[in-house]
Each structure stands twice: as structure tokens, then as C-alpha cells.
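What follows is one structure encoded as C-alpha cells, with my remarks underneath.
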Amino acid sequence: MDLKKIILFNIAAFLFAPVFSQGIDQVLSKGEVHGNFQMDMQYYQEDSTIGAQAVAEDVLMNAFANINYTNGNFSAGFRYESYLNTILGFPTGYKGNGIGYRYASYTNDDMTVTVGNYYEQFGNGLIFRSYEARGLGYDNAMDGIRVKYKLANGFHVKGIMGKQRFYFETGEGILRGVDGELMLNDFFGGKFAESKTKITLGGSFISKYQVDQSAQFNLPENVGAGAGRFAIQHKKLSFAGEYARKANDPSADNGFIYKEGEAFYAETGYSTKGFGLTLSAKGVDNMSFRSERDAALTDLQINYLPALTRNHTYNLLATLYPYATQPNGEIAFQGEMVYKIKKGSKLGGKYGTGILINYSTIYNIDSTAIPTAIDSNRLGYEGNIFAIGDEKYYEEFNVEISKKFNKKFKGIFTYSNLVFNQAVIQGKPPQDYPTVYANIGVIDLTYKLNKKHAIRTEIQGLFTKQDQQDWATVLIEYTYSPHWFLAVMDQYNYGNKYSDKQIHYYFVSAGYIKGTNRIQLGYGKQRAGIFCVGGVCRNVPAASGLTLSITSSF
Amino acid sequence: MKKLILFSAIALFSFSGFAQKETRTVPSVNLIDLEGNKVNTSDFNNDGKPMVINFWATWCKPCVAELNNISDLYTDWQEETGVKIIAVAIDDSRTAPKVGPYANGKGWEYEIYKDVNQDFQRAIGFQSPPFTCLVDGSGKIVWTHSGYQEGDEEELYEAIKKLAAGETIEKH
């Protein structure tokens, strides 16, 4: 380049820079970068009393960071994940480093288009739900293209195409689907829009394609599933339902039978200030749906069949006998009532008393196996998702009472009665694993020493004659708002019939929180357990040692 | 090489006016209200007064403790500052139908929305509830906090009062 030209160019740039940079500045200054970060690290020690192993690496770590850029209607971002190596209990397919998620998206009032990775759900997820539960290592993100359109007032349509995430790769199956939702009140407008009755209708269809390389079977390469749903809200009442049907989908999950799959979901609720009631029912028959026929555990699931049981958080209630949906067949019912006894009334006391009653029960579906000799279509069995079978899988009755006694002291008292069919739910031989009948009680008390300091105590007991017999958990947590916390917990299998298995699983943790940054250090023993997510359970081995966890949002 | 340096120096000088601002706009995501209507988060507004967007779930004990504690103080807070609390439940389809009956059963008076596939959670960017954002009159998030411990509502209220009085809040 000629020197004169360079000088002229630079002078021009210098003169026009303020204008140019102001233009760029205006565009760029509307742009924002945000994200979040999490790291979990565990140092493993050997502990033969609980069956905990040390690991060759000494320390295992998982970490990830999401970084997102938004500017007006445009957004883009990615997530970088690091498993060096992945902590025990996480799906073992997570290895090494990589970009696990990346996308670009444009949205305006009438449409949104996303390329790259995205999460999406059709209706209640009976035929399609792509989501993440990072703490459990669950991620079936889609990789492809998604479009959403608002075709008219109250009429929304979404279309998806892509493959599912399989650790740092994608599954073989190609998915394509469409979902439409019509909110009648908004669509027809006018007087209807003002109505006290709101009606929404929806329908969806999804199809997967996977090549048939089987020498043994003639497998369908395209498998479609469709669902229809409705939701009605009339003043304080709600009523909603969804029915789904899946074409023949022989897979490892169902033993390669050609039977179609069905599922239904229905719920009704009544809700007013101080009182809420929900009743729901769900039936599932042969609805395991994956984008690869041989996938197992939590890999490549296309749909979401949640357990219709209470989502517990207390240690003994949540981790010992968690239920997982049986995709091959079950029918479930749940009822929950939430009520607040008024302040000032005799039973309610000065602050009012909260009562929650929850009941759920799950059975197999009434089905008859077809003898192989006459099963020329390889259907496996005949079943009816609306007919309850004879085998109880699970039953649970919960009562929870919340009471604030005075400005400093409050408590939550929980009682639960549980029936748990170990053999079916955990896939174990029934002669060695009888159904567990358990009574569980939890006392959760919080005492505020002053405005900033509080102590919370949990005393839990699980009483059963089966499995590992009785357990007790005691937790003491001290918090100093807003930055500090310290907790000590001991889970003790005091009732175990084998005295060498009467183990204390103690755990101490402390941490610091500032704004959206949190760091927690813990030390102790973790019991071997079962983690259940969306219908699939995973074994988590016992562990002993130090844990460090850091999370931040920015 | 010299030309490159000269050009770069000029370029850098020109762009020196560019700096990213500290405030954050509420991301635009569709949520459902308790009647089943689609609502866009960019339409949240409180006539210029402060708003709190609090993420919770029916299964999250600290979230319920926080919303219960604030519920006792909410009327006073509203009288003094005009603040509005928007409680977004991140319950998925397993527990989403219970959100309305649960919130009503507890006697809460907040505006409740459902984020059934956690799109809003992802857009804001946090891993576990509770998560609280304080939004100013122009729709910008000026204060955020992760988690809840007894007494944290005091810190939140200090920030709300400052915002209502027109003071700037220190990003903590």
C-alpha cells in the first residue's frame, strides 16, 4: 500500500471515527453478555464400611459455563463443559472437554427461529420433551432447527427438526415434529375473549427415523407418535388432559415387540385464596421412546414420563425409596390438598397454620401376555391403559403441617406412609426384595436467634421391617444472613438387622454466598443410592471424602 | 508492520468510545399464567415502580420459606414502595398443575407464572432456585441474589427501598 494512501485513509478514519464508532457503539452498546458457571469437585477416599472406593485420579471434577450474548432480537451463545473426569454417579458417557451446546436465535413478535441446539416441549411432554437437569447429568438437547410462529391471535405453531444430544456427539435418529396450540378465547376474540371460561386445544406429532440394520427383525425405520390435548379454566376450576399414541417401536426397552404405545394424562384442580386441590391420573403403556432403539438408561429419550408422586426434598423421603415411572406400563393417581387455616382462628393460631395432604397410588395396567406360539405379529401382550391391574407398585400418603409459633420459632411436621414395590421399581428379584412398608416422620424446626442468625434442625425417622430396616437422620443448619451457612448432618441406619451395617453417614458442609456467587465445601460419607429422573433410575455409588462446589451467575 | 500498527492505533482510538453497560434487560421469554394465557416477560411492568422476579418451585423448601416470609410483609412493602412481586414457578409437567392450587393454598398474593420447560430460567442463567432479581422502573435488572436463608428478605427490602427512592444500587 502506498504511504500517501495510508495517511489519507487514516485521516479519514480519524475524522469519521466518532460518527462510525457512534453508530457501531449504539448497536454494540445494546448488546449484553451474560451467563453462569458451575464447578463440582470431589476428592474420594476409600471407605470399606460403606463400600466407597478411592479413584485413580484422586479427584473428579465436572464444570461448565454458559455464555450468552443478546442484542435486541438476536441472541447467541454456547456452553463449554469439562469432565476431567466425570464425578461418580454421573452418566459415564461424559468424558473430556467440549462445547456441549451452541445456538443462535432471532425472535420478534410473530416468530422465533433457533439454529443449533435448543430445548423444547410439546404439551406435557408425553411424546416430546427436550430438557436439561444439569445436577443429575441429564441433557437431551436437540441439535438442528426450531421455528415458532404466531399465526394469529391465540394460534401458535412450532416445528422442530434435528438429532438429539448424545454426550459430545448426536444420536443416530433424526427427529422431526410439529405442535400447534389454539387458545380459543384469544383466537375468536370479541365477547369470547372476556369469557370466564378459557379453553386451549393443542395437537402434536413427532416422527423419528433410524436405519434398520437388524438381521433378526424387520424394524420400522420411521416411527411416529401423536398427541392431542386440552385445557379448560373456568373461574376457580381447571381441567386438562392429554392423550398420546405411538406407532410400533420395537426397542431394547420393550423387548422388540411391535405393539403400539399409548399414554394419557388428566388433571383437575380447584384453587381459591387459602385452599387448593389437585387430582390427577396418568396411564402409560409401552411409551418408552428413544431416538436410538438400543439406547439405555437416560440416553436419547425423546419424551418425558414423570412420576405422579410427590417430589420430596427431605433426605429419607427423597433418597431411599424414590419412584420412577415404569414406561412399559403403569396407571397412577394422585391427589393433593393445600389449605391454610386462617390467622386468628382457634386452630390456626396467630399466624395461621398450613396443611398439606397428598396421596398417590400406582398400579400395573391390566394386561395379558400373548403366548409366543400364536403371537405372529410379535405384539407381546394386550394391555389397556384405562384398566388397573392387580399389582401395586407404589402407594404414599403424606401429611404436612406448617406452623409459625411466634416471631422466632416455626416448624414443619411431616408424616408419610409408604408402600414400595422394590422388585418392580428397582428391577430386583422379588423373592429377595419384598415390598417395603414404611412409616416416615420429619420434624423441621427453625429458630431465629435474631434478624440475621437462624438455626434450623431436621429430625427424620424411617421405620420399616423390610430392606435395611430403620433409619434416622439429624440435620443442624446454622445460617448468618446473607452470606454464611454451616450444616452438619448424620444419616444413621440404626435399625439394620446386621450390626456391621449400622453405619453413620455423616456430612459437614459450609459455604459463602454473595449475590449470585456461591461456594460450598463439604466433607463426609454419602450412601450408595438410586437417582431417578424422568422415568429412569441410575445407581450412584457410595462415596467418602471432600466435595467442593462453586456456582456463579453473571 | 509499521502501517499495521498505525492503522490499529487509529482503529483502537476510534472504538474507545465503546463500553458495555452494566444494567441488564429482562430477557424476552413466553410464560403461562394460571389461566393458561401466554405472557411475554418483556411485558412485565409496574408503572415505573420496582418489581421483584422471584424463581421458585413447589418442591423447593427454601423457596417456599422465602415466599411465606415475604407474604407476611408484602402488604407493608407494597404500601411503602409500591413494589410488585412476580413469582415464576419452574416446575415441569410433573408438578406444574399443582402450582396454582399450591400458591393459593398458601395464601400468597403474588403474580404467579409458570416456566414449564425452564426457558426463562435458562435465559436468566441460574442453576437452582430460589433466585431473585430486582427490576427497576425501566425494566432493567439491577440486583440479583441466589438462594435464601432466614433474614435474606431484609437485604432484598433494603434494595427495594433504595430503588423506590431513586437511589442507585450497588451491584453486590
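Starting from 1 in every chain, residues are counted up; chains themselves are A, B, ... following the order of the C-alpha cells, and ligands are numbered from 1 as listed.
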Can you pull out every residue within 7 Å of Trp59 of chain B, counting only C-alpha atoms, but drop anything in the same chain fewer than 2 positions away, and send it as an MDAnalysis selection string? (chainID A and resid 311:313) or (chainID B and resid 57 61)
Keeping only C-alpha atoms, write the selected residues to a file as a PDB file, in the first residue's frame.
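Generated output (out36.pdb):
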```pdb
ATOM      1  CA  ASN A 311     -41.479 -34.525  44.795  1.00  0.00           C
ATOM      2  CA  HIS A 312     -39.750 -34.879  48.176  1.00  0.00           C
ATOM      3  CA  THR A 313     -36.742 -32.975  49.440  1.00  0.00           C
TER       4      THR A 313
ATOM      5  CA  ALA B  57     -40.725 -24.362  42.644  1.00  0.00           C
ATOM      6  CA  LYS B  61     -38.242 -25.781  50.524  1.00  0.00           C
TER       7      LYS B  61
END
```
Taking a cut-off of 6 Å and counting only C-alpha atoms, can you build a table that, for each residue of chain A near chain B, reports the nearest atom pair and how far apart they are in Å (one decimal), sorted by chain then residue number, as CSV?
```
residue,atom,partner,partner_atom,distance
A:Ala17,CA,B:Ser14,CA,4.9
A:Ser21,CA,B:Phe15,CA,5.6
A:Asp25,CA,B:Phe18,CA,5.4
A:Ser29,CA,B:Gln20,CA,5.6
A:Gly35,CA,B:Gly125,CA,5.6
A:Asn36,CA,B:Gly125,CA,5.6
A:Asn124,CA,B:Ser93,CA,5.6
A:Ser271,CA,B:Pro101,CA,4.7
A:Thr272,CA,B:Asn104,CA,5.7
A:Lys273,CA,B:Asn104,CA,4.9
A:Gly274,CA,B:Gly105,CA,4.3
A:Phe275,CA,B:Gly105,CA,4.0
A:Gly276,CA,B:Pro101,CA,3.8
A:Leu277,CA,B:Pro101,CA,5.8
A:Pro306,CA,B:Arg94,CA,5.3
A:Asn311,CA,B:Trp59,CA,5.9
A:Val338,CA,B:Gly105,CA,4.8
A:Tyr339,CA,B:Gly105,CA,4.8
A:Lys340,CA,B:Lys106,CA,5.8
A:Lys451,CA,B:Gly151,CA,5.8
A:Lys452,CA,B:Gly151,CA,5.2
A:Ser481,CA,B:Gly151,CA,5.6
A:Pro482,CA,B:Asp152,CA,5.4
A:Gly515,CA,B:His145,CA,4.4
A:Thr516,CA,B:Ser146,CA,4.7
```
When you look at segment 490-495 of chain A with a cut-off of 10 Å (counting only C-alpha atoms), what residues show up, excluding the ones that are within fewer than 5 positions of it in the same chain? I need them as a VMD selection string. chain A and resid 315 to 316 459 to 465 468 to 476 501 to 508 524 to 527
Those residues you just picked out, can you put them in a file as a PDB file, in the first residue's frame with N, CA and C atoms?
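Done, and the output landed in result_12.pdb:
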```pdb
ATOM      1  N   ASN A 315     -34.248 -35.778  53.005  1.00  0.00           N
ATOM      2  CA  ASN A 315     -33.326 -36.862  52.755  1.00  0.00           C
ATOM      3  C   ASN A 315     -33.913 -38.280  52.797  1.00  0.00           C
ATOM      4  N   LEU A 316     -34.560 -38.674  53.887  1.00  0.00           N
ATOM      5  CA  LEU A 316     -35.060 -40.050  53.966  1.00  0.00           C
ATOM      6  C   LEU A 316     -36.249 -40.267  53.034  1.00  0.00           C
ATOM      7  N   ILE A 459     -35.229 -33.502  62.173  1.00  0.00           N
ATOM      8  CA  ILE A 459     -35.097 -34.827  62.774  1.00  0.00           C
ATOM      9  C   ILE A 459     -36.018 -35.730  61.980  1.00  0.00           C
ATOM     10  N   GLN A 460     -35.441 -36.728  61.321  1.00  0.00           N
ATOM     11  CA  GLN A 460     -36.239 -37.595  60.463  1.00  0.00           C
ATOM     12  C   GLN A 460     -36.095 -39.036  60.923  1.00  0.00           C
ATOM     13  N   GLY A 461     -37.176 -39.785  60.775  1.00  0.00           N
ATOM     14  CA  GLY A 461     -37.089 -41.212  61.107  1.00  0.00           C
ATOM     15  C   GLY A 461     -37.850 -42.018  60.085  1.00  0.00           C
ATOM     16  N   LEU A 462     -37.273 -43.137  59.651  1.00  0.00           N
ATOM     17  CA  LEU A 462     -37.951 -44.027  58.717  1.00  0.00           C
ATOM     18  C   LEU A 462     -38.030 -45.386  59.384  1.00  0.00           C
ATOM     19  N   PHE A 463     -39.234 -45.910  59.516  1.00  0.00           N
ATOM     20  CA  PHE A 463     -39.440 -47.144  60.267  1.00  0.00           C
ATOM     21  C   PHE A 463     -40.030 -48.207  59.368  1.00  0.00           C
ATOM     22  N   THR A 464     -39.250 -49.294  59.173  1.00  0.00           N
ATOM     23  CA  THR A 464     -39.731 -50.378  58.331  1.00  0.00           C
ATOM     24  C   THR A 464     -39.114 -51.691  58.768  1.00  0.00           C
ATOM     25  N   LYS A 465     -39.816 -52.805  58.513  1.00  0.00           N
ATOM     26  CA  LYS A 465     -39.252 -54.111  58.866  1.00  0.00           C
ATOM     27  C   LYS A 465     -38.485 -54.703  57.695  1.00  0.00           C
ATOM     28  N   GLN A 468     -33.483 -52.376  54.578  1.00  0.00           N
ATOM     29  CA  GLN A 468     -32.437 -52.116  55.557  1.00  0.00           C
ATOM     30  C   GLN A 468     -32.966 -51.696  56.924  1.00  0.00           C
ATOM     31  N   GLN A 469     -34.239 -51.931  57.145  1.00  0.00           N
ATOM     32  CA  GLN A 469     -34.878 -51.587  58.414  1.00  0.00           C
ATOM     33  C   GLN A 469     -34.826 -50.082  58.703  1.00  0.00           C
ATOM     34  N   ASP A 470     -34.701 -49.719  59.996  1.00  0.00           N
ATOM     35  CA  ASP A 470     -34.913 -48.319  60.376  1.00  0.00           C
ATOM     36  C   ASP A 470     -33.727 -47.390  60.145  1.00  0.00           C
ATOM     37  N   TRP A 471     -34.083 -46.155  59.807  1.00  0.00           N
ATOM     38  CA  TRP A 471     -33.090 -45.093  59.627  1.00  0.00           C
ATOM     39  C   TRP A 471     -33.488 -43.865  60.432  1.00  0.00           C
ATOM     40  N   ALA A 472     -32.470 -43.072  60.807  1.00  0.00           N
ATOM     41  CA  ALA A 472     -32.759 -41.768  61.402  1.00  0.00           C
ATOM     42  C   ALA A 472     -31.788 -40.766  60.793  1.00  0.00           C
ATOM     43  N   THR A 473     -32.269 -39.562  60.573  1.00  0.00           N
ATOM     44  CA  THR A 473     -31.384 -38.502  60.071  1.00  0.00           C
ATOM     45  C   THR A 473     -31.555 -37.292  60.968  1.00  0.00           C
ATOM     46  N   VAL A 474     -30.430 -36.702  61.355  1.00  0.00           N
ATOM     47  CA  VAL A 474     -30.491 -35.449  62.108  1.00  0.00           C
ATOM     48  C   VAL A 474     -29.676 -34.427  61.338  1.00  0.00           C
ATOM     49  N   LEU A 475     -30.238 -33.248  61.145  1.00  0.00           N
ATOM     50  CA  LEU A 475     -29.531 -32.188  60.429  1.00  0.00           C
ATOM     51  C   LEU A 475     -29.600 -30.926  61.270  1.00  0.00           C
ATOM     52  N   ILE A 476     -28.465 -30.244  61.405  1.00  0.00           N
ATOM     53  CA  ILE A 476     -28.480 -28.944  62.077  1.00  0.00           C
ATOM     54  C   ILE A 476     -27.818 -27.953  61.141  1.00  0.00           C
ATOM     55  N   LYS A 501     -23.742 -53.215  59.546  1.00  0.00           N
ATOM     56  CA  LYS A 501     -24.289 -52.281  58.569  1.00  0.00           C
ATOM     57  C   LYS A 501     -24.979 -51.105  59.251  1.00  0.00           C
ATOM     58  N   GLN A 502     -24.884 -51.046  60.586  1.00  0.00           N
ATOM     59  CA  GLN A 502     -25.496 -49.920  61.294  1.00  0.00           C
ATOM     60  C   GLN A 502     -24.523 -48.754  61.231  1.00  0.00           C
ATOM     61  N   ILE A 503     -24.534 -48.100  60.077  1.00  0.00           N
ATOM     62  CA  ILE A 503     -23.494 -47.103  59.805  1.00  0.00           C
ATOM     63  C   ILE A 503     -24.023 -45.685  59.945  1.00  0.00           C
ATOM     64  N   HIS A 504     -23.121 -44.798  60.393  1.00  0.00           N
ATOM     65  CA  HIS A 504     -23.420 -43.364  60.409  1.00  0.00           C
ATOM     66  C   HIS A 504     -22.904 -42.749  59.126  1.00  0.00           C
ATOM     67  N   TYR A 505     -23.775 -42.116  58.357  1.00  0.00           N
ATOM     68  CA  TYR A 505     -23.323 -41.383  57.174  1.00  0.00           C
ATOM     69  C   TYR A 505     -23.379 -39.919  57.551  1.00  0.00           C
ATOM     70  N   TYR A 506     -22.245 -39.408  58.010  1.00  0.00           N
ATOM     71  CA  TYR A 506     -22.259 -38.016  58.454  1.00  0.00           C
ATOM     72  C   TYR A 506     -21.736 -37.118  57.349  1.00  0.00           C
ATOM     73  N   PHE A 507     -22.165 -35.878  57.342  1.00  0.00           N
ATOM     74  CA  PHE A 507     -21.726 -34.931  56.316  1.00  0.00           C
ATOM     75  C   PHE A 507     -21.721 -33.531  56.901  1.00  0.00           C
ATOM     76  N   VAL A 508     -20.600 -32.840  56.739  1.00  0.00           N
ATOM     77  CA  VAL A 508     -20.488 -31.464  57.229  1.00  0.00           C
ATOM     78  C   VAL A 508     -20.320 -30.558  56.029  1.00  0.00           C
ATOM     79  N   GLY A 524     -17.574 -35.734  54.124  1.00  0.00           N
ATOM     80  CA  GLY A 524     -18.316 -36.787  54.808  1.00  0.00           C
ATOM     81  C   GLY A 524     -18.572 -37.980  53.931  1.00  0.00           C
ATOM     82  N   LYS A 525     -19.538 -38.778  54.361  1.00  0.00           N
ATOM     83  CA  LYS A 525     -19.861 -40.005  53.654  1.00  0.00           C
ATOM     84  C   LYS A 525     -21.217 -39.880  52.982  1.00  0.00           C
ATOM     85  N   GLN A 526     -21.295 -40.402  51.766  1.00  0.00           N
ATOM     86  CA  GLN A 526     -22.578 -40.440  51.060  1.00  0.00           C
ATOM     87  C   GLN A 526     -22.953 -41.877  50.834  1.00  0.00           C
ATOM     88  N   ARG A 527     -24.208 -42.168  51.148  1.00  0.00           N
ATOM     89  CA  ARG A 527     -24.726 -43.514  50.981  1.00  0.00           C
ATOM     90  C   ARG A 527     -24.835 -43.848  49.497  1.00  0.00           C
TER      91      ARG A 527
END
```
Identify, on the basis of only C-alpha atoms, every residue whose closest approach to Ile401 of chain A does not exceed 10 Å; exclude the query and any residue fewer than 6 positions from it along the same chain; express the result as an MDAnalysis selection string. chainID A and resid 338:340 353:357 411:415 443
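A straight line drawn from atom CA of Leu31 of chain B to atom CA of Ser238 of chain A is 17.9 Å long.
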Residues at most 9 Å from segment 403-410 of chain A, counting only C-alpha atoms, excluding those fewer than 4 positions away in the same chain, as a PyMOL selection string? chain A and resi 348-355+444-450+454
Same residues, C-alpha atoms, output as a compact mmCIF listing (two decimals), in the first residue's frame:
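File again-v7.txt, as written:
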```txt
# COMPACT_ATOMS: atom_id res chain seq x y z
CA GLY A 348 -54.89 -21.52 63.06
CA GLY A 349 -53.20 -19.63 65.84
CA LYS A 350 -51.76 -16.14 65.49
CA TYR A 351 -50.17 -16.67 62.11
CA GLY A 352 -52.36 -19.30 60.52
CA THR A 353 -51.43 -22.94 60.00
CA GLY A 354 -50.64 -24.60 56.70
CA ILE A 355 -51.85 -28.11 55.97
CA ASP A 444 -38.24 -29.45 60.74
CA LEU A 445 -37.77 -26.56 63.19
CA THR A 446 -36.35 -23.10 62.57
CA TYR A 447 -35.34 -20.79 65.38
CA LYS A 448 -34.33 -17.21 64.62
CA LEU A 449 -31.77 -16.03 67.14
CA ASN A 450 -32.11 -12.51 65.78
CA ALA A 454 -31.00 -18.64 62.48
```
Apply DSSP to the structure's backbone, then extract all residues of chain B labelled strand (DSSP E) and return them as a PyMOL selection string. chain B and resi 24-25+30-33+38-40+51-56+84-89+111-114+131-135+140-146
Which distance in Å separates atom CA of Glu458 of chain A and atom CA of Arg134 of chain A, to one decimal? 27.0 Å
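In this comparison, which uses only C-alpha atoms, the residue of A:Tyr523, A:Tyr44, A:Phe166, A:Tyr321 approaching Thr435 of chain A most closely is A:Tyr321.
Counting only C-alpha atoms and comparing A:Tyr359, A:Lys343, A:Ala387, A:Asp375, the residue that lies closest to Ile331 of chain A is A:Ala387.
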Fewer than 3 positions away in the same chain doesn't count, so skip those; otherwise give me all residues within 8 Å of Phe264 of chain A, counting only C-alpha atoms, as a ChimeraX atom specification. /A:241-244,282-284,385
Mind listing the alpha helix (DSSP H) residues of segment 23-76 of chain B, per DSSP on the backbone, as a PDB file with C-alpha atoms, in the first residue's frame?
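Output file states_6.pdb is given in full below:
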```
ATOM      1  CA  LYS B  61     -38.242 -25.781  50.524  1.00  0.00           C
ATOM      2  CA  PRO B  62     -36.138 -22.593  50.816  1.00  0.00           C
ATOM      3  CA  CYS B  63     -38.241 -21.046  48.017  1.00  0.00           C
ATOM      4  CA  VAL B  64     -41.463 -21.747  49.900  1.00  0.00           C
ATOM      5  CA  ALA B  65     -39.904 -20.444  53.142  1.00  0.00           C
ATOM      6  CA  GLU B  66     -38.878 -17.235  51.363  1.00  0.00           C
ATOM      7  CA  LEU B  67     -42.265 -16.651  49.773  1.00  0.00           C
ATOM      8  CA  ASN B  68     -44.030 -17.420  53.066  1.00  0.00           C
ATOM      9  CA  ASN B  69     -41.809 -14.990  54.989  1.00  0.00           C
ATOM     10  CA  ILE B  70     -42.287 -12.232  52.428  1.00  0.00           C
ATOM     11  CA  SER B  71     -46.025 -12.894  52.297  1.00  0.00           C
ATOM     12  CA  ASP B  72     -46.312 -11.724  55.916  1.00  0.00           C
ATOM     13  CA  LEU B  73     -44.561  -8.476  54.967  1.00  0.00           C
ATOM     14  CA  TYR B  74     -45.916  -7.960  51.457  1.00  0.00           C
ATOM     15  CA  THR B  75     -48.726  -5.544  52.326  1.00  0.00           C
ATOM     16  CA  ASP B  76     -46.293  -3.272  54.190  1.00  0.00           C
TER      17      ASP B  76
END
```
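Atom to atom, atom CA of Glu391 of chain A and atom CA of Ala369 of chain A stand 15.0 Å apart.
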Write out as a PyMOL selection string which residues come within 8 Å of segment 419-434 of chain A when counting only C-alpha atoms, dropping same-chain ones fewer than 6 positions away. chain A and resi 321+323-324+326+392-396+466-467+537
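Distances to Ile141 of chain B were evaluated for A:Phe397, A:Phe37, A:Phe554, A:Tyr480 using only C-alpha atoms, and the minimum falls at A:Phe554.
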